[in-house]
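Listing of target.txt; format and content: compact mmCIF, C-alpha atoms.
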# COMPACT_ATOMS: atom_id res chain seq x y z
CA MET K 10 34.97 23.22 -17.76
CA GLY K 11 33.88 24.60 -14.39
CA ILE K 12 31.94 22.76 -11.71
CA TYR K 13 28.73 21.18 -12.95
CA LEU K 14 26.16 20.50 -10.23
CA ASP K 15 22.94 20.29 -12.24
CA ASN K 16 22.78 16.54 -12.77
CA ALA K 17 19.14 16.42 -11.68
CA ALA K 18 18.34 18.28 -14.92
CA THR K 19 20.70 16.29 -17.12
CA SER K 20 23.87 14.41 -16.30
CA TYR K 21 27.21 15.79 -17.44
CA PRO K 22 29.77 14.77 -18.41
CA LYS K 23 28.73 11.54 -20.09
CA PRO K 24 31.01 8.51 -20.34
CA GLU K 25 33.19 9.15 -23.39
CA ILE K 26 31.97 5.97 -25.08
CA VAL K 27 28.44 7.42 -25.27
CA ALA K 28 29.41 10.20 -27.69
CA LYS K 29 31.81 7.92 -29.57
CA SER K 30 29.14 5.29 -30.17
CA MET K 31 26.68 7.90 -31.48
CA TYR K 32 29.29 9.37 -33.80
CA ASP K 33 30.30 5.91 -35.01
CA PHE K 34 26.70 4.97 -35.77
CA MET K 35 25.99 8.17 -37.68
CA ILE K 36 29.22 7.97 -39.71
CA ASN K 37 29.35 4.22 -40.36
CA ASN K 38 25.69 3.19 -40.40
CA GLY K 39 23.05 5.92 -40.14
CA THR K 40 20.13 3.72 -41.20
CA SER K 41 16.63 3.46 -39.73
CA SER K 42 15.59 0.50 -37.63
CA GLY K 43 12.70 -1.66 -38.86
CA ARG K 44 12.69 -0.01 -42.28
CA GLY K 45 14.86 -2.25 -44.44
CA SER K 46 16.25 -5.76 -44.94
CA TYR K 47 19.71 -4.78 -46.15
CA GLN K 48 22.71 -5.44 -43.94
CA LYS K 49 23.12 -2.02 -42.33
CA ALA K 50 19.41 -1.79 -41.53
CA MET K 51 19.57 -5.22 -39.92
CA GLN K 52 22.50 -3.97 -37.83
CA SER K 53 20.31 -1.07 -36.68
CA ASP K 54 17.55 -3.53 -35.79
CA PHE K 55 19.96 -5.57 -33.69
CA LEU K 56 21.34 -2.46 -31.95
CA VAL K 57 17.80 -1.46 -30.96
CA TYR K 58 17.03 -4.98 -29.75
CA GLU K 59 20.25 -5.16 -27.72
CA THR K 60 19.41 -1.86 -26.02
CA ARG K 61 15.83 -2.99 -25.36
CA LYS K 62 17.25 -6.08 -23.68
CA LEU K 63 19.80 -4.11 -21.63
CA ILE K 64 17.05 -1.80 -20.38
CA GLY K 65 14.76 -4.71 -19.52
CA ASP K 66 17.52 -6.50 -17.63
CA LEU K 67 18.41 -3.31 -15.74
CA PHE K 68 14.89 -3.24 -14.30
CA LYS K 69 14.62 -7.05 -13.92
CA PHE K 70 12.07 -7.21 -16.75
CA LYS K 71 12.26 -9.99 -19.33
CA ASP K 72 9.43 -9.20 -21.77
CA TYR K 73 11.71 -7.12 -23.98
CA LYS K 74 9.12 -6.35 -26.65
CA LYS K 75 7.27 -4.32 -24.00
CA VAL K 76 10.24 -2.02 -23.45
CA ILE K 77 8.95 0.98 -25.38
CA PHE K 78 11.30 3.70 -26.65
CA THR K 79 10.23 7.34 -26.31
CA SER K 80 11.96 10.68 -26.67
CA ASN K 81 12.05 11.36 -22.90
CA VAL K 82 10.28 10.57 -19.63
CA THR K 83 7.64 13.24 -20.32
CA GLU K 84 6.51 11.40 -23.44
CA SER K 85 6.60 8.12 -21.49
CA LEU K 86 4.34 9.55 -18.78
CA ASN K 87 1.95 11.09 -21.30
CA LEU K 88 1.83 7.78 -23.16
CA ALA K 89 0.85 5.95 -19.98
CA LEU K 90 -1.55 8.53 -18.54
CA ARG K 91 -3.32 9.36 -21.79
CA GLY K 92 -3.37 5.72 -22.83
CA ILE K 93 -5.00 4.50 -19.62
CA LEU K 94 -7.16 7.19 -18.01
CA GLU K 95 -10.71 7.48 -19.35
CA GLU K 96 -13.83 9.54 -18.62
CA ASN K 97 -14.60 9.80 -14.89
CA ASP K 98 -11.60 7.72 -13.77
CA HIS K 99 -9.95 8.51 -10.43
CA VAL K 100 -6.17 8.78 -10.04
CA ILE K 101 -4.02 9.10 -6.92
CA THR K 102 -0.70 10.93 -7.00
CA SER K 103 1.90 12.44 -4.67
CA SER K 104 2.42 16.00 -3.45
CA LEU K 105 5.80 16.11 -5.16
CA GLU K 106 5.10 15.44 -8.82
CA HIS K 107 6.97 17.04 -11.68
CA ASN K 108 4.86 18.90 -14.23
CA ALA K 109 5.42 15.96 -16.59
CA VAL K 110 2.82 14.20 -14.45
CA TRP K 111 0.88 17.08 -12.91
CA ARG K 112 0.18 19.07 -16.08
CA CYS K 113 -0.85 15.92 -17.91
CA LEU K 114 -3.26 15.00 -15.10
CA LYS K 115 -4.73 18.51 -14.95
CA THR K 116 -5.22 18.49 -18.72
CA LEU K 117 -7.02 15.15 -18.49
CA GLU K 118 -9.12 16.52 -15.65
CA LYS K 119 -10.33 19.18 -18.07
CA GLU K 120 -10.59 16.96 -21.15
CA ARG K 121 -11.90 13.70 -19.67
CA ASN K 122 -13.37 14.73 -16.34
CA ILE K 123 -10.98 12.54 -14.34
CA THR K 124 -10.65 13.22 -10.62
CA ILE K 125 -7.28 13.63 -8.92
CA THR K 126 -6.33 13.00 -5.30
CA LYS K 127 -3.02 14.49 -4.18
CA VAL K 128 -1.77 12.57 -1.13
CA LYS K 129 -0.33 14.74 1.62
CA ALA K 130 3.33 14.41 2.50
CA SER K 131 5.47 15.76 5.33
CA LYS K 132 7.49 18.94 4.79
CA GLU K 133 10.51 16.69 4.18
CA GLY K 134 8.61 14.95 1.36
CA TYR K 135 7.88 11.68 3.13
CA THR K 136 4.62 9.97 2.09
CA ASN K 137 2.85 7.52 4.40
CA PRO K 138 1.68 4.53 2.28
CA LEU K 139 -1.39 4.20 4.51
CA ASP K 140 -2.43 7.68 3.41
CA VAL K 141 -2.33 6.41 -0.17
CA GLU K 142 -4.49 3.41 0.70
CA LYS K 143 -7.10 5.62 2.42
CA GLU K 144 -7.71 7.53 -0.82
CA ILE K 145 -8.63 4.50 -2.94
CA LYS K 146 -12.17 4.65 -4.35
CA ASP K 147 -14.30 2.32 -6.44
CA ASN K 148 -13.30 4.19 -9.62
CA THR K 149 -9.58 4.48 -8.80
CA LYS K 150 -7.81 3.18 -11.88
CA LEU K 151 -4.25 4.37 -11.41
CA ILE K 152 -1.72 5.46 -8.80
CA VAL K 153 1.18 7.51 -10.14
CA PHE K 154 4.18 8.47 -7.99
CA ASN K 155 7.65 9.71 -8.66
CA HIS K 156 10.34 7.44 -7.23
CA ALA K 157 12.28 10.44 -5.91
CA SER K 158 11.52 14.15 -5.85
CA ASN K 159 13.49 16.38 -8.20
CA VAL K 160 13.22 19.20 -5.61
CA LEU K 161 13.80 17.51 -2.24
CA GLY K 162 15.39 14.28 -3.43
CA THR K 163 13.07 12.33 -1.10
CA ILE K 164 12.75 8.67 -2.05
CA GLN K 165 9.14 7.50 -1.99
CA PRO K 166 7.99 4.17 -0.45
CA ILE K 167 7.47 2.47 -3.81
CA ASP K 168 7.60 -1.10 -2.47
CA GLU K 169 4.90 -0.44 0.13
CA ILE K 170 2.68 1.43 -2.34
CA GLY K 171 3.18 -1.39 -4.84
CA LYS K 172 1.79 -3.92 -2.37
CA ILE K 173 -1.25 -1.74 -1.77
CA VAL K 174 -1.79 -1.37 -5.50
CA LYS K 175 -1.56 -5.11 -6.11
CA ASN K 176 -4.02 -5.91 -3.29
CA ASN K 177 -6.53 -3.47 -4.76
CA ASN K 178 -6.11 -4.45 -8.43
CA ILE K 179 -5.11 -0.92 -9.48
CA LEU K 180 -2.43 0.07 -12.00
CA PHE K 181 0.82 1.54 -10.64
CA LEU K 182 2.88 4.02 -12.70
CA VAL K 183 6.28 5.09 -11.36
CA ASP K 184 8.28 8.06 -12.63
CA ALA K 185 11.90 6.98 -12.31
CA ALA K 186 13.42 10.11 -13.86
CA GLN K 187 15.63 10.77 -10.82
CA THR K 188 16.40 7.16 -9.85
CA ALA K 189 16.92 5.01 -12.95
CA GLY K 190 20.62 4.22 -13.05
CA VAL K 191 21.40 5.14 -9.45
CA ILE K 192 18.88 3.06 -7.45
CA ASP K 193 18.27 -0.62 -8.14
CA ILE K 194 14.72 -1.08 -9.45
CA ASP K 195 12.90 -4.40 -9.77
CA VAL K 196 9.54 -3.82 -11.44
CA ASN K 197 8.18 -7.21 -10.41
CA LYS K 198 9.33 -7.09 -6.80
CA SER K 199 7.91 -3.57 -6.42
CA ASN K 200 4.67 -4.46 -8.28
CA ILE K 201 5.25 -1.66 -10.78
CA ASP K 202 2.93 -1.95 -13.78
CA LEU K 203 4.46 0.91 -15.73
CA LEU K 204 7.93 2.39 -15.27
CA ALA K 205 8.73 5.67 -17.03
CA PHE K 206 12.40 6.62 -17.39
CA THR K 207 14.62 9.04 -19.27
CA GLY K 208 18.01 8.39 -20.78
CA HIS K 209 19.78 11.69 -20.14
CA LYS K 210 19.87 11.84 -16.33
CA SER K 211 21.32 9.08 -14.12
CA LEU K 212 21.28 6.59 -17.00
CA LEU K 213 24.13 8.78 -18.38
CA GLY K 214 22.79 8.61 -21.93
CA PRO K 215 21.97 11.31 -24.50
CA MET K 216 19.03 13.69 -24.56
CA GLY K 217 16.14 12.57 -26.76
CA THR K 218 16.03 9.08 -25.29
CA GLY K 219 13.69 7.49 -22.78
CA GLY K 220 11.17 4.74 -22.42
CA LEU K 221 8.26 3.02 -20.78
CA ILE K 222 8.31 -0.47 -19.28
CA VAL K 223 4.85 -2.04 -19.74
CA ASN K 224 4.65 -4.71 -17.03
CA CYS K 225 0.90 -5.30 -17.35
CA ASP K 226 -1.73 -6.54 -19.77
CA TYR K 227 -3.83 -3.38 -19.82
CA ASP K 228 -4.86 -2.26 -23.32
CA ILE K 229 -2.97 1.05 -23.46
CA LYS K 230 -4.21 3.31 -26.23
CA PRO K 231 -1.38 4.62 -28.46
CA LEU K 232 -0.38 8.25 -28.07
CA LYS K 233 0.37 8.49 -31.80
CA ALA K 234 -0.47 6.62 -34.99
CA GLY K 235 1.70 6.24 -38.06
CA GLY K 236 4.39 4.20 -39.71
CA THR K 237 6.00 1.30 -37.87
CA GLY K 238 7.89 -0.31 -40.74
CA GLY K 239 5.58 -3.33 -40.90
CA ASP K 240 1.97 -4.19 -41.77
CA SER K 241 1.88 -1.05 -43.89
CA ALA K 242 -1.32 -2.05 -45.72
CA TYR K 243 -3.20 -2.25 -42.41
CA GLU K 244 -4.99 1.05 -41.88
CA TYR K 245 -4.84 1.13 -38.08
CA GLN K 246 -2.10 1.10 -35.48
CA PRO K 247 -0.88 -2.51 -34.88
CA ASP K 248 -2.05 -4.11 -31.64
CA TYR K 249 1.20 -5.91 -30.81
CA TYR K 250 4.27 -4.66 -28.94
CA PRO K 251 6.44 -2.68 -29.38
CA ASN K 252 4.82 -1.39 -32.62
CA LYS K 253 1.55 -0.65 -30.85
CA LEU K 254 3.16 2.19 -28.87
CA GLU K 255 6.18 3.03 -31.06
CA THR K 256 5.44 5.12 -34.15
CA GLY K 257 7.76 6.84 -36.56
CA THR K 258 11.52 6.61 -36.99
CA LEU K 259 13.34 5.74 -33.80
CA ASN K 260 16.26 7.82 -32.55
CA VAL K 261 18.71 5.04 -33.35
CA SER K 262 21.82 7.19 -32.89
CA GLY K 263 20.53 8.19 -29.44
CA ILE K 264 19.70 4.57 -28.66
CA ALA K 265 23.27 3.65 -29.62
CA GLY K 266 24.50 6.12 -27.01
CA LEU K 267 22.02 4.86 -24.42
CA LYS K 268 23.19 1.31 -25.02
CA GLU K 269 26.78 2.19 -24.17
CA ALA K 270 25.68 4.27 -21.18
CA ILE K 271 23.84 1.29 -19.69
CA LYS K 272 26.81 -0.97 -20.39
CA PHE K 273 28.96 1.56 -18.51
CA ILE K 274 26.53 1.49 -15.56
CA ASN K 275 26.53 -2.31 -15.56
CA LYS K 276 30.33 -2.34 -15.52
CA GLU K 277 30.54 0.17 -12.68
CA THR K 278 27.45 -1.38 -10.96
CA ILE K 279 24.50 0.58 -9.59
CA GLN K 280 25.68 -0.28 -6.08
CA LYS K 281 29.03 1.46 -6.63
CA ILE K 282 27.38 4.45 -8.29
CA HIS K 283 24.82 4.80 -5.48
CA LYS K 284 27.51 4.44 -2.80
CA LYS K 285 29.67 7.20 -4.28
CA GLU K 286 26.77 9.60 -4.80
CA SER K 287 25.53 8.94 -1.25
CA GLU K 288 28.94 9.72 0.19
CA ILE K 289 29.05 13.05 -1.66
CA VAL K 290 25.46 13.86 -0.62
CA ASN K 291 26.32 13.30 3.07
CA TYR K 292 29.50 15.34 2.68
CA ALA K 293 27.60 18.16 0.95
CA ILE K 294 24.85 18.34 3.58
CA ASP K 295 27.45 18.45 6.34
CA LYS K 296 29.49 21.20 4.66
CA LEU K 297 26.47 23.23 3.53
CA SER K 298 25.10 23.22 7.08
CA ASN K 299 27.96 25.55 8.03
CA VAL K 300 27.22 28.10 5.29
CA LYS K 301 26.00 31.45 6.62
CA ASN K 302 22.26 32.16 6.42
CA ILE K 303 21.42 28.89 4.68
CA GLU K 304 18.13 26.99 4.84
CA ILE K 305 18.32 23.44 3.50
CA TYR K 306 15.05 21.75 2.56
CA GLY K 307 14.15 18.08 2.75
CA PRO K 308 15.80 15.12 4.49
CA LYS K 309 19.33 15.54 5.78
CA LYS K 310 20.75 12.05 5.17
CA SER K 311 21.64 10.23 1.98
CA GLY K 312 19.66 7.08 2.72
CA ASP K 313 16.45 9.05 2.30
CA ILE K 314 17.34 11.03 -0.82
CA VAL K 315 18.98 10.82 -4.21
CA GLY K 316 21.63 13.37 -5.20
CA VAL K 317 19.31 16.38 -4.96
CA ILE K 318 19.70 19.13 -2.34
CA SER K 319 17.58 22.30 -2.40
CA PHE K 320 18.34 25.39 -0.32
CA ASN K 321 18.06 29.17 -0.10
CA LEU K 322 20.20 31.91 1.41
CA LYS K 323 18.28 34.37 3.59
CA ASN K 324 17.78 37.78 1.99
CA LYS K 325 19.20 36.54 -1.33
CA ARG K 326 17.14 35.74 -4.43
CA ALA K 327 17.81 32.22 -5.68
CA GLU K 328 18.30 33.48 -9.24
CA ASP K 329 20.84 36.08 -8.11
CA VAL K 330 22.86 33.53 -6.16
CA VAL K 331 22.97 31.09 -9.07
CA ASN K 332 23.91 33.86 -11.50
CA GLU K 333 26.78 35.02 -9.29
CA LEU K 334 28.01 31.45 -8.79
CA ASP K 335 28.10 31.01 -12.56
CA LEU K 336 29.68 34.32 -13.56
CA LYS K 337 32.21 34.69 -10.73
CA HIS K 338 32.99 31.11 -9.76
CA ASN K 339 32.07 29.01 -12.83
CA ILE K 340 29.76 26.81 -10.73
CA MET K 341 26.57 25.60 -12.42
CA LEU K 342 23.42 25.17 -10.32
CA ARG K 343 19.73 25.66 -11.07
CA ALA K 344 17.31 28.10 -9.46
CA GLY K 345 13.52 28.33 -9.66
CA LEU K 346 10.59 25.94 -9.25
CA HIS K 347 12.28 23.10 -11.16
CA CYS K 348 9.01 22.32 -12.98
CA ALA K 349 7.55 21.00 -9.71
CA PRO K 350 5.33 23.69 -8.13
CA ASN K 351 3.56 21.17 -5.87
CA ALA K 352 6.82 20.29 -4.14
CA HIS K 353 7.56 23.97 -3.59
CA GLU K 354 4.06 24.51 -2.23
CA LEU K 355 4.82 21.75 0.28
CA ILE K 356 7.95 23.49 1.60
CA GLY K 357 6.61 27.03 1.34
CA THR K 358 8.82 28.22 -1.52
CA LYS K 359 6.29 28.43 -4.35
CA GLU K 360 6.73 32.22 -4.57
CA ILE K 361 10.52 32.29 -4.31
CA GLY K 362 11.73 28.93 -5.64
CA SER K 363 15.01 27.43 -4.47
CA ILE K 364 18.59 26.75 -5.44
CA ARG K 365 19.16 23.11 -6.35
CA ILE K 366 22.30 21.03 -6.32
CA GLY K 367 22.19 17.96 -8.54
CA ILE K 368 24.98 15.55 -7.60
CA GLY K 369 26.12 12.97 -10.13
CA TYR K 370 28.54 10.08 -10.36
CA PHE K 371 31.37 12.24 -11.72
CA ASN K 372 31.24 14.88 -9.00
CA GLU K 373 33.91 14.98 -6.30
CA LYS K 374 34.06 16.29 -2.72
CA HIS K 375 36.49 19.09 -3.57
CA GLU K 376 33.80 20.56 -5.85
CA VAL K 377 31.50 20.77 -2.84
CA ASP K 378 34.26 22.57 -0.92
CA THR K 379 34.57 25.12 -3.73
CA LEU K 380 30.80 25.67 -3.73
CA VAL K 381 30.70 26.19 0.04
CA TYR K 382 33.56 28.71 -0.17
CA ALA K 383 31.74 30.57 -2.96
CA LEU K 384 28.43 30.65 -1.09
CA ASN K 385 30.10 32.23 1.92
CA GLU K 386 32.06 34.68 -0.22
CA ILE K 387 29.04 36.07 -2.11
CA GLN K 388 27.46 36.98 1.25
CA ASP K 389 30.43 39.02 2.49

How does this structure look as structure tokens?
Amino acid sequence: MGIYLDNAATSYPKPEIVAKSMYDFMINNGTSSGRGSYQKAMQSDFLVYETRKLIGDLFKFKDYKKVIFTSNVTESLNLALRGILEENDHVITSSLEHNAVWRCLKTLEKERNITITKVKASKEGYTNPLDVEKEIKDNTKLIVFNHASNVLGTIQPIDEIGKIVKNNNILFLVDAAQTAGVIDIDVNKSNIDLLAFTGHKSLLGPMGTGGLIVNCDYDIKPLKAGGTGGDSAYEYQPDYYPNKLETGTLNVSGIAGLKEAIKFINKETIQKIHKKESEIVNYAIDKLSNVKNIEIYGPKKSGDIVGVISFNLKNKRAEDVVNELDLKHNIMLRAGLHCAPNAHELIGTKEIGSIRIGIGYFNEKHEVDTLVYALNEIQD
């Protein structure tokens, strides 16, 4: 199988039960949810509800009907940003955003004349919450931050920003793509109004799954309109949750896999998962520090980052290093800008990109040792 160290893109392998549950659903049920009253369709309905509840409980959120299913975190973010931001609104964001946020904001800047403030961060990716507060204006409607950078791994001060947001009566959207499933998140404690997540990263679920927690009463405009399985004679999108924001046939087989993935996480516990990943992160940073000609970006301790480590080798193109690791050593890493040019601008690598290690729950220390050996060998 080789050594897979690209978990920041998508986690692999998945718990075996994830694939089994998807196969079982497609072979033994295969029906749509919310589209029939026969027994198998009702079973699909219950499966979707159970997963909605598991997701809500994972994030300490009890209004399960406002757990909205999407195809991925990008759709979740677009749903929130496009459903909230209007003409001439002001939005505050970080210097580390993924293009799932940044491109959407820049498009809305062009389409709706919104204004964007990008809060400065240190070269390690740390954001001072007071710098966020200073940028608030009379027309600031939303603050959107990733919970952790997909380039530097840096964990953002979500709790502190959440307090600022609450005191100023502004909406707070958090992109939890890199943290859901590996860091404990309480949407109420952190004053998060909208939490966007994806199923296929640290939640250990399948691609094509994700969601948006709507922990506020704001009238979010739907991203799409269409069939919901109910009120079919009504000519407009329903105004109640989840139907208001969920349109078309749900990915029930994917949701079946996500359900079992979350049950696996609950059994293992987020605390155990986070502890193991942190140990490997610390081990990796220590071992990588001894690699010849290496430059490691971002914080150097696990308490400040998730399982993401970016680096370059002097006088070696990132793409060439990754290609050689793959072809000669069967080690899978990612090179490039990682869909986050702002983060690379921050660390001065926008022109060259970086090599990224994405550590997951199923990685082991001996895999790091093999990587370190390979990195030294390809420079000889």

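Compared by their closest atoms to K:Trp111, and using all atoms listed in the file, the residues K:Gly134, K:His209, K:Asn155, K:Gly45 rank with K:Asn155 nearest.
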
With all atoms listed in the file as the basis for distance, which of K:Leu213, K:Leu117, K:Leu161, K:Leu297 is at the shortest distance from K:Gly263?
K:Leu213

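The space separating atom CA of K:Glu304 from atom CA of K:Ala185 comes to 27.1 Å.
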
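Shortest atom-to-atom contact with K:Leu380 among K:Leu334, K:Lys285, K:Gly357, K:Ala344: K:Leu334, counting all atoms listed in the file.
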
Length of the atom CA of K:Ile303 to atom CA of K:His375 vector [Å]:
19.8 Å

Might you pull out every residue within 12 Å of K:Glu120, with only C-alpha atoms counted and same-chain residues fewer than 2 positions away left off, and present them as a PyMOL selection string?
chain K and resi 91+94-98+113-118+122-124

Can I get the selected residues back with C-alpha atoms, as a short mmCIF file (atom, residue, chain, number, x, y, z; two decimals), keeping the file's coordinate frame?
data_model
loop_
_atom_site.label_atom_id
_atom_site.label_comp_id
_atom_site.auth_asym_id
_atom_site.auth_seq_id
_atom_site.Cartn_x
_atom_site.Cartn_y
_atom_site.Cartn_z
CA ARG K 91 -3.32 9.36 -21.79
CA LEU K 94 -7.16 7.19 -18.01
CA GLU K 95 -10.71 7.48 -19.35
CA GLU K 96 -13.83 9.54 -18.62
CA ASN K 97 -14.60 9.80 -14.89
CA ASP K 98 -11.60 7.72 -13.77
CA CYS K 113 -0.85 15.92 -17.91
CA LEU K 114 -3.26 15.00 -15.10
CA LYS K 115 -4.73 18.51 -14.95
CA THR K 116 -5.22 18.49 -18.72
CA LEU K 117 -7.02 15.15 -18.49
CA GLU K 118 -9.12 16.52 -15.65
CA ASN K 122 -13.37 14.73 -16.34
CA ILE K 123 -10.98 12.54 -14.34
CA THR K 124 -10.65 13.22 -10.62
#

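With all atoms listed in the file taken into account, the protein and nucleic acid residues at most 10 Å from K:Cys348 (excluding it and anything under 6 positions from it in its own chain) are Glu106, His107, Asn108, Ala109, Trp111, Arg112, Asn159 and Val160 of chain K.
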
Keeping only C-alpha atoms, write the selected residues to a file as a CSV table (one decimal), in the frame of the given file.
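Saved as out17.csv:
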chain,number,residue,atom,x,y,z
K,106,GLU,CA,5.1,15.4,-8.8
K,107,HIS,CA,7.0,17.0,-11.7
K,108,ASN,CA,4.9,18.9,-14.2
K,109,ALA,CA,5.4,16.0,-16.6
K,111,TRP,CA,0.9,17.1,-12.9
K,112,ARG,CA,0.2,19.1,-16.1
K,159,ASN,CA,13.5,16.4,-8.2
K,160,VAL,CA,13.2,19.2,-5.6

Fewer than 2 positions away in the same chain doesn't count, so skip those; otherwise give me all residues within 7 Å of K:Asn148, counting all atoms listed in the file, as number ranges by chain.
K: 98-99, 146, 150

Would you list the residues near (7.8, -3.4, -24.1) (no more than 12 Å away, in the coordinates of the file, using all atoms listed in the file) as JSON, numbers by chain?
{"K": [58, 60, 61, 62, 64, 65, 70, 71, 72, 73, 74, 75, 76, 77, 78, 79, 85, 202, 203, 204, 205, 220, 221, 222, 223, 224, 225, 226, 229, 249, 250, 251, 252, 253, 254, 255]}

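The gap separating atom CA of K:Asn87 from atom CA of K:Ser42 is 23.8 Å, in Å to one decimal.
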
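Taking only C-alpha atoms into account, K:Thr149 lies nearest to K:Asn177 out of the set K:Thr207, K:Ser53, K:Ser131, K:Asn177.
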
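Residues surrounding K:Val300 within 9 Å are Leu322, Val381, Tyr382, Leu384 and Asn385 of chain K [all atoms listed in the file; sequence separation below 6 positions excluded].
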
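Across K:Val315, K:Asp193, K:Lys127, K:Gly208, the tightest approach to K:Gln280 is made by K:Asp193 when counting all atoms listed in the file.
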
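Proximity of K:Glu84, K:Pro247, K:Asp313, K:Ile366 to K:Phe206, computed with all atoms listed in the file, is greatest for K:Glu84.
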
Radius query 10 Å about (23.5, 21.7, 4.9), atoms used: only C-alpha atoms, as an NGL selection string:
:K and (290-300 or 303-306 or 309 or 318-320 or 381)

Write out as number ranges by chain which residues come within 10 Å of K:Lys175 when counting all atoms listed in the file, dropping same-chain ones fewer than 5 positions away.
K: 170, 180-181, 199-202
